[in-house]
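Raw contents of structure-v5.cif, mmCIF, C-alpha atoms:
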data_data
#
loop_
_atom_site.label_atom_id
_atom_site.label_comp_id
_atom_site.auth_asym_id
_atom_site.auth_seq_id
_atom_site.Cartn_x
_atom_site.Cartn_y
_atom_site.Cartn_z
CA MET B 1431 0.00 0.00 0.00
CA THR B 1432 1.37 3.41 -0.93
CA SER B 1433 1.06 6.31 1.44
CA PRO B 1434 -0.33 9.62 0.16
CA ALA B 1435 2.10 12.20 -1.10
CA PRO B 1436 3.61 14.37 1.65
CA THR B 1437 1.97 17.72 2.28
CA GLY B 1438 4.98 19.46 3.75
CA PRO B 1439 7.64 21.39 1.81
CA PRO B 1440 9.82 19.15 -0.34
CA THR B 1441 12.98 20.08 1.50
CA THR B 1442 14.11 16.50 1.97
CA ASP B 1443 13.35 15.31 -1.57
CA VAL B 1444 16.99 15.74 -2.47
CA THR B 1445 17.85 12.59 -4.34
CA HIS B 1446 16.57 10.51 -7.19
CA ALA B 1447 15.60 6.95 -6.39
CA ALA B 1448 17.88 4.18 -7.51
CA THR B 1449 17.18 1.89 -10.42
CA PRO B 1450 13.76 0.18 -10.02
CA PRO B 1451 14.16 -2.99 -7.98
CA ARG B 1452 14.13 -6.33 -9.76
CA GLY B 1453 13.79 -8.44 -6.64
CA LEU B 1454 16.10 -9.93 -4.05
CA SER B 1455 16.53 -13.68 -3.90
CA PRO B 1456 16.07 -15.50 -0.57
CA ALA B 1457 19.77 -16.42 -0.59
CA ALA B 1458 20.81 -12.78 -1.05
CA ALA B 1459 18.38 -11.68 1.68
CA TRP B 1460 19.90 -14.19 4.09
CA LEU B 1461 23.40 -13.01 3.16
CA LEU B 1462 22.39 -9.47 4.07
CA SER B 1463 20.81 -10.79 7.26
CA VAL B 1464 24.09 -12.40 8.33
CA THR B 1465 25.97 -9.23 7.40
CA CYS B 1466 23.69 -7.15 9.62
CA GLY B 1467 24.01 -9.61 12.49
CA LEU B 1468 27.80 -9.54 12.40
CA ALA B 1469 27.87 -5.75 12.20
CA VAL B 1470 25.55 -5.13 15.14
CA ALA B 1471 27.16 -7.86 17.26
CA ASN B 1472 30.39 -5.81 17.21
CA VAL B 1473 28.66 -3.26 19.45
CA TYR B 1474 27.77 -5.85 22.10
CA TYR B 1475 30.77 -8.18 22.22
CA SER B 1476 32.42 -6.15 24.96
CA GLN B 1477 29.66 -6.58 27.56
CA PRO B 1478 30.72 -10.01 28.92
CA LEU B 1479 34.42 -9.23 28.37
CA LEU B 1480 34.78 -6.12 30.53
CA ASP B 1481 36.41 -7.94 33.43
CA LEU B 1482 39.00 -9.51 31.11
CA ILE B 1483 39.70 -6.17 29.44
CA ALA B 1484 40.06 -4.42 32.81
CA ARG B 1485 42.51 -7.08 33.99
CA ASP B 1486 44.55 -6.86 30.78
CA TYR B 1487 45.02 -3.10 31.00
CA GLY B 1488 45.05 -2.83 34.79
CA ILE B 1489 42.16 -0.36 34.94
CA ASP B 1490 39.32 -0.13 37.45
CA PRO B 1491 35.76 -1.30 36.73
CA ALA B 1492 34.38 2.24 36.58
CA THR B 1493 36.80 3.18 33.81
CA VAL B 1494 36.34 0.01 31.79
CA GLY B 1495 32.65 0.81 31.56
CA LEU B 1496 33.64 3.50 29.06
CA VAL B 1497 34.25 0.71 26.53
CA GLY B 1498 30.54 0.04 26.12
CA THR B 1499 29.58 3.70 26.51
CA LEU B 1500 31.89 4.94 23.75
CA THR B 1501 30.83 2.13 21.43
CA GLN B 1502 27.18 3.13 21.85
CA VAL B 1503 28.01 6.83 21.43
CA GLY B 1504 29.86 5.95 18.23
CA TYR B 1505 26.83 4.02 17.01
CA GLY B 1506 24.59 7.03 17.59
CA LEU B 1507 26.99 9.29 15.68
CA GLY B 1508 27.14 6.79 12.85
CA LEU B 1509 23.34 6.79 12.57
CA LEU B 1510 23.36 10.52 12.03
CA LEU B 1511 26.57 10.96 10.02
CA LEU B 1512 26.85 7.80 7.88
CA VAL B 1513 23.43 6.22 7.37
CA PRO B 1514 21.98 9.24 5.45
CA LEU B 1515 24.71 8.75 2.84
CA GLY B 1516 22.71 5.77 1.61
CA ASP B 1517 20.37 8.27 -0.10
CA HIS B 1518 23.33 9.97 -1.77
CA VAL B 1519 25.77 7.32 -3.00
CA ASP B 1520 25.77 3.75 -4.27
CA ARG B 1521 24.69 1.70 -1.25
CA ARG B 1522 26.68 -1.34 -2.35
CA ALA B 1523 29.85 0.76 -2.41
CA LEU B 1524 28.94 2.37 0.91
CA THR B 1525 28.28 -1.02 2.51
CA THR B 1526 31.52 -2.62 1.32
CA ALA B 1527 33.52 0.46 2.33
CA GLN B 1528 32.06 0.43 5.84
CA LEU B 1529 32.67 -3.29 6.20
CA GLY B 1530 36.26 -2.86 5.06
CA LEU B 1531 36.85 -0.05 7.54
CA SER B 1532 35.18 -2.16 10.24
CA VAL B 1533 37.82 -4.84 9.66
CA LEU B 1534 40.53 -2.26 10.37
CA ALA B 1535 38.73 -0.97 13.47
CA LEU B 1536 38.27 -4.51 14.83
CA LEU B 1537 41.93 -5.30 14.26
CA ALA B 1538 42.84 -2.07 16.04
CA VAL B 1539 40.78 -3.22 19.05
CA ALA B 1540 42.44 -6.64 19.02
CA VAL B 1541 45.99 -5.24 19.05
CA ALA B 1542 45.45 -2.01 21.03
CA PRO B 1543 48.52 -1.59 23.28
CA SER B 1544 46.89 0.88 25.69
CA ALA B 1545 43.50 1.74 27.11
CA PRO B 1546 43.18 5.13 25.32
CA LEU B 1547 43.83 3.49 21.94
CA LEU B 1548 41.36 0.74 22.81
CA LEU B 1549 38.64 3.27 23.61
CA ALA B 1550 39.26 5.14 20.36
CA ALA B 1551 39.09 1.90 18.37
CA MET B 1552 35.88 0.86 20.15
CA ALA B 1553 34.27 4.19 19.24
CA ALA B 1554 35.24 3.60 15.61
CA VAL B 1555 33.70 0.11 15.75
CA GLY B 1556 30.45 1.67 16.96
CA VAL B 1557 30.41 4.31 14.22
CA LEU B 1558 30.93 1.71 11.48
CA ALA B 1559 28.45 -0.82 12.90
CA VAL B 1560 25.61 1.30 11.51
CA VAL B 1561 26.29 -0.40 8.19
CA ALA B 1562 23.49 -2.72 9.33
CA GLN B 1563 20.98 0.12 8.92
CA VAL B 1564 22.36 0.99 5.49
CA VAL B 1565 21.84 -2.64 4.51
CA VAL B 1566 18.23 -2.72 5.78
CA ALA B 1567 17.32 0.34 3.70
CA HIS B 1568 19.16 -1.12 0.69
CA SER B 1569 17.31 -4.42 0.99
CA ALA B 1570 13.98 -2.58 0.92
CA SER B 1571 15.06 -0.81 -2.28
CA LEU B 1572 16.08 -4.08 -3.92
CA ALA B 1573 12.92 -5.97 -2.96
CA ALA B 1574 10.32 -6.62 -5.62
CA PRO B 1575 6.92 -4.93 -5.24
CA GLY B 1576 4.80 -6.89 -2.80
CA ASP B 1577 7.83 -8.62 -1.29
CA GLN B 1578 9.35 -5.77 0.69
CA GLY B 1579 7.96 -6.85 4.05
CA ARG B 1580 9.36 -10.37 3.73
CA VAL B 1581 12.79 -9.08 2.73
CA VAL B 1582 12.95 -6.47 5.49
CA GLY B 1583 11.78 -9.09 8.00
CA THR B 1584 14.49 -11.51 6.93
CA VAL B 1585 17.26 -8.92 7.08
CA THR B 1586 16.03 -7.48 10.38
CA SER B 1587 16.01 -10.92 11.98
CA GLY B 1588 19.78 -10.99 11.48
CA ILE B 1589 20.15 -7.83 13.55
CA VAL B 1590 18.10 -9.35 16.35
CA VAL B 1591 20.07 -12.58 16.41
CA GLY B 1592 23.35 -10.64 16.28
CA ILE B 1593 22.41 -8.57 19.32
CA LEU B 1594 21.13 -11.53 21.31
CA LEU B 1595 23.96 -13.96 20.53
CA ALA B 1596 26.83 -11.48 20.80
CA ARG B 1597 27.20 -12.05 24.54
CA THR B 1598 27.11 -15.83 24.19
CA VAL B 1599 29.68 -15.90 21.38
CA ALA B 1600 31.97 -13.39 23.05
CA GLY B 1601 31.84 -15.16 26.40
CA THR B 1602 32.62 -18.54 24.87
CA ILE B 1603 35.51 -17.36 22.69
CA GLY B 1604 36.80 -15.15 25.50
CA ASP B 1605 36.94 -18.10 27.90
CA LEU B 1606 38.73 -20.28 25.34
CA ALA B 1607 41.18 -17.87 23.69
CA GLY B 1608 41.00 -14.47 25.40
CA TRP B 1609 39.03 -11.33 24.66
CA ARG B 1610 41.29 -10.20 21.79
CA ALA B 1611 40.43 -13.37 19.87
CA VAL B 1612 36.78 -12.27 19.79
CA TYR B 1613 37.65 -9.20 17.75
CA LEU B 1614 40.13 -11.04 15.55
CA ALA B 1615 37.46 -13.60 14.68
CA SER B 1616 34.95 -10.84 13.97
CA ALA B 1617 37.46 -9.06 11.71
CA VAL B 1618 37.89 -12.21 9.62
CA ALA B 1619 34.13 -12.78 9.37
CA THR B 1620 33.46 -9.13 8.52
CA GLY B 1621 36.08 -9.18 5.78
CA ALA B 1622 34.47 -12.26 4.26
CA MET B 1623 31.09 -10.51 4.28
CA ALA B 1624 32.56 -7.48 2.52
CA PHE B 1625 33.71 -9.65 -0.40
CA ALA B 1626 30.40 -11.55 -0.47
CA VAL B 1627 28.28 -8.39 -0.53
CA ALA B 1628 30.40 -6.87 -3.30
CA ALA B 1629 29.99 -10.04 -5.36
CA VAL B 1630 26.25 -10.55 -4.85
CA LEU B 1631 24.62 -7.12 -4.76
CA PRO B 1632 24.11 -5.04 -7.91
CA PRO B 1633 25.47 -1.48 -8.08
CA GLU B 1634 23.10 1.47 -7.88
CA ARG B 1635 22.89 4.36 -10.31
CA ARG B 1636 22.29 7.80 -8.84
CA GLY B 1637 20.89 10.74 -10.76
CA PRO B 1638 22.63 14.15 -11.02
CA ALA B 1639 20.55 15.60 -8.17
CA ALA B 1640 21.74 12.88 -5.82
CA ARG B 1641 25.37 13.60 -6.62
CA ARG B 1642 25.02 17.36 -6.17
CA ILE B 1643 23.36 17.39 -2.74
CA ARG B 1644 25.61 18.77 -0.05
CA TYR B 1645 26.47 16.53 2.87
CA LEU B 1646 25.36 18.91 5.62
CA ARG B 1647 21.99 19.38 3.96
CA LEU B 1648 21.66 15.62 3.66
CA VAL B 1649 22.27 15.13 7.40
CA GLY B 1650 20.06 18.04 8.37
CA SER B 1651 17.18 16.65 6.35
CA VAL B 1652 16.96 13.75 8.85
CA PHE B 1653 15.46 16.21 11.33
CA THR B 1654 13.33 17.94 8.68
CA LEU B 1655 11.72 14.59 7.91
CA PHE B 1656 10.41 14.45 11.48
CA ALA B 1657 8.50 17.68 10.84
CA GLU B 1658 7.21 16.57 7.44
CA GLU B 1659 6.30 12.92 7.92
CA ARG B 1660 3.80 11.90 10.58
CA VAL B 1661 4.53 8.22 10.00
CA LEU B 1662 8.15 8.80 11.03
CA ARG B 1663 7.11 10.58 14.22
CA VAL B 1664 4.65 7.85 15.17
CA ARG B 1665 6.91 4.91 14.37
CA ALA B 1666 9.95 6.49 16.01
CA VAL B 1667 8.04 7.08 19.27
CA LEU B 1668 6.88 3.45 19.15
CA ALA B 1669 10.51 2.40 18.67
CA LEU B 1670 11.55 4.47 21.69
CA LEU B 1671 8.87 2.91 23.91
CA THR B 1672 9.23 -0.70 22.76
CA PHE B 1673 13.02 -0.79 22.90
CA THR B 1674 12.90 0.90 26.31
CA SER B 1675 10.64 -1.92 27.50
CA VAL B 1676 12.87 -4.69 26.17
CA THR B 1677 16.01 -3.10 27.59
CA VAL B 1678 14.30 -2.82 30.99
CA LEU B 1679 14.03 -6.62 30.92
CA LEU B 1680 17.40 -7.57 29.47
CA THR B 1681 19.72 -5.14 31.26
CA PRO B 1682 19.15 -5.96 34.97
CA MET B 1683 18.23 -9.64 34.64
CA VAL B 1684 21.83 -10.66 35.23
CA LEU B 1685 21.51 -9.37 38.81
CA PRO B 1686 18.83 -11.78 40.13
CA LEU B 1687 20.15 -14.64 37.98
CA ALA B 1688 23.66 -14.32 39.40
CA ALA B 1689 22.38 -14.05 42.98
CA PRO B 1690 20.94 -16.81 45.20
CA PRO B 1691 19.01 -19.01 44.71
CA PHE B 1692 19.98 -19.30 41.04
CA GLU B 1693 23.68 -18.28 41.12
CA LEU B 1694 24.09 -18.81 37.40
CA SER B 1695 27.45 -18.25 35.75
CA HIS B 1696 27.95 -15.57 33.11
CA THR B 1697 28.10 -18.28 30.45
CA GLN B 1698 24.76 -19.69 31.59
CA ILE B 1699 23.20 -16.24 31.67
CA GLY B 1700 24.52 -15.65 28.16
CA LEU B 1701 22.47 -18.60 26.97
CA PHE B 1702 19.34 -16.50 27.48
CA GLY B 1703 20.31 -14.95 24.17
CA LEU B 1704 19.35 -18.23 22.53
CA ALA B 1705 15.86 -17.92 23.97
CA GLY B 1706 15.56 -14.41 22.62
CA ALA B 1707 16.78 -15.55 19.22
CA ALA B 1708 13.72 -17.80 19.01
CA GLY B 1709 11.64 -14.65 19.26
CA ALA B 1710 13.27 -13.41 16.05
CA LEU B 1711 10.76 -15.61 14.21
CA GLY B 1712 8.38 -12.72 14.75
CA ALA B 1713 10.32 -10.69 12.19
CA GLY B 1714 9.58 -13.06 9.32
CA HIS B 1715 5.89 -13.39 10.20
CA ALA B 1716 5.48 -9.63 10.54
CA GLY B 1717 7.12 -9.05 7.17
CA ARG B 1718 4.76 -11.44 5.41
CA GLN B 1719 1.73 -9.84 7.07
CA ALA B 1720 2.93 -6.34 6.18
CA ASP B 1721 3.08 -7.32 2.50
CA ARG B 1722 -0.67 -8.02 2.66
CA GLY B 1723 -1.51 -4.36 3.29
CA ARG B 1724 -1.63 -1.73 6.00
CA GLY B 1725 -4.56 -3.31 7.83
CA HIS B 1726 -2.67 -6.57 8.29
CA ALA B 1727 0.48 -4.64 9.22
CA GLU B 1728 -1.26 -2.65 11.95
CA ARG B 1729 -2.99 -5.74 13.30
CA THR B 1730 0.39 -7.49 13.50
CA ALA B 1731 1.90 -4.52 15.34
CA GLY B 1732 -1.02 -4.46 17.78
CA LEU B 1733 -0.64 -8.15 18.55
CA GLY B 1734 3.08 -7.64 19.02
CA LEU B 1735 2.46 -4.86 21.54
CA VAL B 1736 -0.03 -7.04 23.42
CA ALA B 1737 2.57 -9.83 23.54
CA MET B 1738 5.15 -7.43 24.95
CA LEU B 1739 2.76 -6.39 27.69
CA ALA B 1740 1.80 -9.99 28.49
CA ALA B 1741 5.47 -11.01 28.77
CA TRP B 1742 5.83 -9.15 32.04
CA LEU B 1743 3.58 -11.60 33.90
CA PRO B 1744 5.95 -14.59 33.47
CA ALA B 1745 8.88 -12.22 34.02
CA ALA B 1746 7.48 -11.34 37.46
CA LEU B 1747 7.37 -15.07 38.30
CA LEU B 1748 11.16 -15.39 38.06
CA PRO B 1749 11.56 -15.96 41.83
CA HIS B 1750 9.60 -19.20 41.41
CA SER B 1751 11.48 -20.61 38.40
CA VAL B 1752 14.06 -19.44 35.89
CA TRP B 1753 11.94 -20.96 33.12
CA TRP B 1754 9.36 -18.20 33.56
CA LEU B 1755 12.04 -15.70 32.55
CA VAL B 1756 12.95 -17.83 29.52
CA LEU B 1757 9.31 -17.65 28.42
CA ALA B 1758 9.22 -13.90 29.02
CA VAL B 1759 12.33 -13.31 26.88
CA VAL B 1760 10.90 -15.32 23.98
CA VAL B 1761 7.50 -13.60 24.10
CA ILE B 1762 8.76 -10.04 24.51
CA ASP B 1763 11.30 -10.40 21.71
CA TYR B 1764 8.70 -11.95 19.40
CA GLY B 1765 6.46 -8.96 20.05
CA LEU B 1766 9.28 -6.48 19.61
CA GLN B 1767 10.26 -7.87 16.23
CA SER B 1768 6.66 -7.83 15.03
CA VAL B 1769 6.41 -4.12 15.85
CA HIS B 1770 9.88 -3.27 14.57
CA VAL B 1771 9.43 -4.86 11.13
CA VAL B 1772 5.99 -3.31 10.65
CA ASN B 1773 7.40 0.09 11.63
CA GLN B 1774 10.16 -0.14 9.05
CA HIS B 1775 7.86 -1.46 6.34
CA LEU B 1776 5.45 1.45 6.79
CA LEU B 1777 8.32 3.94 6.84
CA TYR B 1778 9.66 2.69 3.53
CA GLN B 1779 6.31 3.33 1.82
CA VAL B 1780 6.59 7.08 2.38
CA ARG B 1781 9.68 8.39 0.64
CA PRO B 1782 11.53 5.79 -1.44
CA GLU B 1783 14.24 8.36 -2.18
CA ALA B 1784 14.79 8.99 1.56
CA ARG B 1785 14.82 5.47 3.00
CA SER B 1786 18.27 5.78 4.57
CA ARG B 1787 17.42 9.06 6.26
CA LEU B 1788 14.10 7.70 7.50
CA THR B 1789 16.01 4.75 8.93
CA ALA B 1790 18.50 7.09 10.60
CA GLY B 1791 15.78 9.15 12.25
CA TYR B 1792 13.85 6.09 13.39
CA MET B 1793 16.93 4.38 14.81
CA LEU B 1794 18.04 7.50 16.67
CA LEU B 1795 14.96 7.23 18.88
CA TYR B 1796 15.53 3.47 19.15
CA SER B 1797 18.97 4.28 20.60
CA VAL B 1798 17.45 6.75 23.05
CA GLY B 1799 15.03 4.05 24.18
CA CYS B 1800 17.80 1.52 24.73
CA GLY B 1801 19.81 4.00 26.77
CA ALA B 1802 16.82 5.11 28.83
CA GLY B 1803 15.80 1.53 29.56
CA ALA B 1804 19.28 0.55 30.70
CA ILE B 1805 19.63 3.49 33.07
CA ALA B 1806 16.09 3.38 34.48
CA SER B 1807 16.02 -0.38 35.04
CA THR B 1808 19.26 -0.52 37.02
CA LEU B 1809 18.16 2.39 39.21
CA VAL B 1810 14.75 0.82 39.83
CA TYR B 1811 16.27 -2.57 40.62
CA ASP B 1812 18.57 -0.97 43.17
CA GLN B 1813 15.63 0.71 44.90
CA GLY B 1814 12.82 -1.83 44.56
CA GLY B 1815 14.17 -5.14 43.30
CA TRP B 1816 12.99 -7.36 40.45
CA HIS B 1817 9.25 -6.82 40.90
CA ALA B 1818 9.76 -3.06 40.64
CA VAL B 1819 11.62 -3.64 37.37
CA CYS B 1820 8.69 -5.70 36.07
CA ALA B 1821 6.27 -2.94 37.05
CA LEU B 1822 8.37 -0.39 35.16
CA GLY B 1823 8.56 -2.63 32.10
CA ALA B 1824 4.83 -3.35 32.13
CA ALA B 1825 4.05 0.36 32.43
CA THR B 1826 6.30 1.13 29.45
CA SER B 1827 4.72 -1.64 27.37
CA LEU B 1828 1.24 -0.42 28.31
CA ALA B 1829 2.22 3.12 27.28
CA ALA B 1830 3.42 1.79 23.90
CA LEU B 1831 0.15 -0.08 23.34
CA ALA B 1832 -1.95 2.94 24.31
CA TYR B 1833 0.10 5.25 22.10
CA TRP B 1834 -0.24 2.88 19.11
CA ARG B 1835 -3.99 2.61 19.63
CA THR B 1836 -4.34 6.41 19.70
CA ALA B 1837 -1.85 7.24 16.95
CA LYS B 1838 -3.06 4.74 14.36
CA ASP B 1839 -6.54 6.27 14.43
CA GLY B 1840 -5.29 9.83 14.58
#
What's the structure tokens form of this structure?
Amino acid sequence: MTSPAPTGPPTTDVTHAATPPRGLSPAAAWLLSVTCGLAVANVYYSQPLLDLIARDYGIDPATVGLVGTLTQVGYGLGLLLLVPLGDHVDRRALTTAQLGLSVLALLAVAVAPSAPLLLAAMAAVGVLAVVAQVVVAHSASLAAPGDQGRVVGTVTSGIVVGILLARTVAGTIGDLAGWRAVYLASAVATGAMAFAVAAVLPPERRGPAARRIRYLRLVGSVFTLFAEERVLRVRAVLALLTFTSVTVLLTPMVLPLAAPPFELSHTQIGLFGLAGAAGALGAGHAGRQADRGRGHAERTAGLGLVAMLAAWLPAALLPHSVWWLVLAVVVIDYGLQSVHVVNQHLLYQVRPEARSRLTAGYMLLYSVGCGAGAIASTLVYDQGGWHAVCALGAATSLAALAYWRTAKDG
């Protein structure tokens, strides 16, 4: 379904669309899915490795926390400064260039001789990891008419699995070969993906207007799109609320799981990522439903939001059995992916020539949600324990459902 033409000033219509899509094969879609998963995982590998990194460099725990912080800050900068370029240059060239530079950044992390150089390299890894969002927008452009939802769902599922399995993979490799081996292995895999993407994807042709647009105007138009496109405002707020809710669950859960009576190891806690990966099936289902029209897409998003709210009941039963939390992780991630894929599908119907900038704006609020959820959940857990965390998460999920119900009829 095609959205009506925008009513605002055409200040962001600064590029010509690429060559009309001829379709993306399932094999190519899965290749892009793996590429996205590897790219996003680079942001999260450090989380279970912080104690090893601190020991290696002889720094205190408070300082080593900057590793994750700077990586996330770099990711946010990359969303704003690199992702919009997908509406300006050949996305295949942009993707392969970012993957190639990611290899260098990962190698720099692996061989960093001092903490300051490590932090700089980690920030670079975060900036370049936004290649995943360039790939998602590119996959939507390559998809055949009527198949865009399926393709976006397939590619997005790779991002989900990459985020969820990053801790498990990093913890396992770190235990066996040290934390530097994690980044060496990722550098090799990323390099292989760069060659594969260059070989499989077709080049794009950009019109003269796309080549003439100035970079600062391109970046600034990300914010202009918020003023012009209601669908971006609505979907970005939903992203903020839903990713806040999921982060409220995933961030502090290590605290009760590591404490009595469970006393799980970090490796065992990392296995919860496998449960969340099962929820990634929601991405494929949501994509297929979105291809059937806006009504099916909105119904899928609504069901996803209901699932996210319902997940907090088994989450609250964690003191009785760890399996209740496993169920909660599966359900909440299934719901999240349903909403996320529908959001992106609806965004890409608005301005085909601005898909990368729409993605950048949408994902900026996603990042805000992740950060807010992480901070709020740890503070609430410290003051009120696990049940207070569940109350916060349920309230956030309820707010997302209420906002969707109001906004979709507005």
Would you pick out the contacts of Gly1530 (chain B) at 9 Å or less, using only C-alpha atoms, so that residues sharing its chain but fewer than 3 positions from it are not included, and give the list as a CSV table (one decimal) with C-alpha atoms, keeping the file's coordinate frame?
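Full text of result.csv as output:
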chain,number,residue,atom,x,y,z
B,1525,THR,CA,28.3,-1.0,2.5
B,1526,THR,CA,31.5,-2.6,1.3
B,1527,ALA,CA,33.5,0.5,2.3
B,1533,VAL,CA,37.8,-4.8,9.7
B,1534,LEU,CA,40.5,-2.3,10.4
B,1535,ALA,CA,38.7,-1.0,13.5
B,1620,THR,CA,33.5,-9.1,8.5
B,1621,GLY,CA,36.1,-9.2,5.8
B,1624,ALA,CA,32.6,-7.5,2.5
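With CA of Asn1472 (chain B) on one side and CA of Thr1598 (chain B) on the other, the separation reads 12.6 Å.
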Running the PyMOL selection byres ((chain B and resi 1557-1559) around 9) on this model by hand, what would come out? Give it as a PyMOL selection string. chain B and resi 1466+1468-1473+1501-1509+1511-1512+1528-1529+1531-1532+1535+1552-1556+1560-1563
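CA of Arg1647 (chain B) is found 19.8 Å from CA of Val1780 (chain B).
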List, as a list in words, every residue that the PyMOL selection byres ((chain B and resi 1541) around 10) selects in the file provided. Leu1536, Leu1537, Ala1538, Val1539, Ala1540, Ala1542, Pro1543, Ser1544, Leu1547, Leu1548, Ala1551, Arg1610, Ala1611, Tyr1613 and Leu1614 of chain B
Written selection (C-alpha atoms) as a PDB file, in the frame of the given file:
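The result, stored in result-v5.pdb:
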ATOM      1  CA  LEU B1536      38.270  -4.510  14.830  1.00  0.00           C
ATOM      2  CA  LEU B1537      41.930  -5.300  14.260  1.00  0.00           C
ATOM      3  CA  ALA B1538      42.840  -2.070  16.040  1.00  0.00           C
ATOM      4  CA  VAL B1539      40.780  -3.220  19.050  1.00  0.00           C
ATOM      5  CA  ALA B1540      42.440  -6.640  19.020  1.00  0.00           C
ATOM      6  CA  ALA B1542      45.450  -2.010  21.030  1.00  0.00           C
ATOM      7  CA  PRO B1543      48.520  -1.590  23.280  1.00  0.00           C
ATOM      8  CA  SER B1544      46.890   0.880  25.690  1.00  0.00           C
ATOM      9  CA  LEU B1547      43.830   3.490  21.940  1.00  0.00           C
ATOM     10  CA  LEU B1548      41.360   0.740  22.810  1.00  0.00           C
ATOM     11  CA  ALA B1551      39.090   1.900  18.370  1.00  0.00           C
ATOM     12  CA  ARG B1610      41.290 -10.200  21.790  1.00  0.00           C
ATOM     13  CA  ALA B1611      40.430 -13.370  19.870  1.00  0.00           C
ATOM     14  CA  TYR B1613      37.650  -9.200  17.750  1.00  0.00           C
ATOM     15  CA  LEU B1614      40.130 -11.040  15.550  1.00  0.00           C
TER      16      LEU B1614
END
Any idea what the distance is between CA of Ala1746 (chain B) and CA of Gly1803 (chain B)?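 Atom-to-atom, CA of Ala1746 (chain B) to CA of Gly1803 (chain B), that is 17.2 Å.
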Around the point (4.5, -11.2, 6.8), in the coordinates given by the file, pick out the residues reaching within 12 Å, counting all atoms listed in the file, and return them as a ChimeraX atom specification. /B:1576-1584,1711-1724,1726-1731,1767-1769,1771-1772,1775
Care to translate the PyMOL selection byres ((chain B and resi 1663) around 12) into actual residues of this file, as a ChimeraX atom specification? /B:1652-1662,1664-1670,1773,1776-1777,1788-1789,1791-1795,1833-1834,1837-1838
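Using only C-alpha atoms, the residues found no farther than 10 Å from Gly1700 (chain B), other than those of its own chain fewer than 5 positions away, are B:Pro1478, B:Leu1594, B:Leu1595, B:Ala1596, B:Arg1597, B:Thr1598, B:Val1599, B:Ala1600, B:Gly1601, B:Thr1602, B:Val1684, B:Leu1694, B:Ser1695, B:Ala1705.
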Those same residues, written as an mmCIF file, in the frame of the given file with C-alpha atoms?
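As written to disk, out.cif reads:
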data_model
loop_
_atom_site.group_PDB
_atom_site.id
_atom_site.type_symbol
_atom_site.label_atom_id
_atom_site.label_comp_id
_atom_site.auth_asym_id
_atom_site.auth_seq_id
_atom_site.Cartn_x
_atom_site.Cartn_y
_atom_site.Cartn_z
ATOM 1 C CA PRO B 1478 30.720 -10.010 28.920
ATOM 2 C CA LEU B 1594 21.130 -11.530 21.310
ATOM 3 C CA LEU B 1595 23.960 -13.960 20.530
ATOM 4 C CA ALA B 1596 26.830 -11.480 20.800
ATOM 5 C CA ARG B 1597 27.200 -12.050 24.540
ATOM 6 C CA THR B 1598 27.110 -15.830 24.190
ATOM 7 C CA VAL B 1599 29.680 -15.900 21.380
ATOM 8 C CA ALA B 1600 31.970 -13.390 23.050
ATOM 9 C CA GLY B 1601 31.840 -15.160 26.400
ATOM 10 C CA THR B 1602 32.620 -18.540 24.870
ATOM 11 C CA VAL B 1684 21.830 -10.660 35.230
ATOM 12 C CA LEU B 1694 24.090 -18.810 37.400
ATOM 13 C CA SER B 1695 27.450 -18.250 35.750
ATOM 14 C CA ALA B 1705 15.860 -17.920 23.970
#
Option closest in space to His1817 (chain B), from B:Val1798, B:Leu1748, B:Ala1790, B:Leu1735 [counting only C-alpha atoms]: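 Ranking B:Val1798, B:Leu1748, B:Ala1790, B:Leu1735 by distance to His1817 (chain B), first place goes to B:Leu1748.
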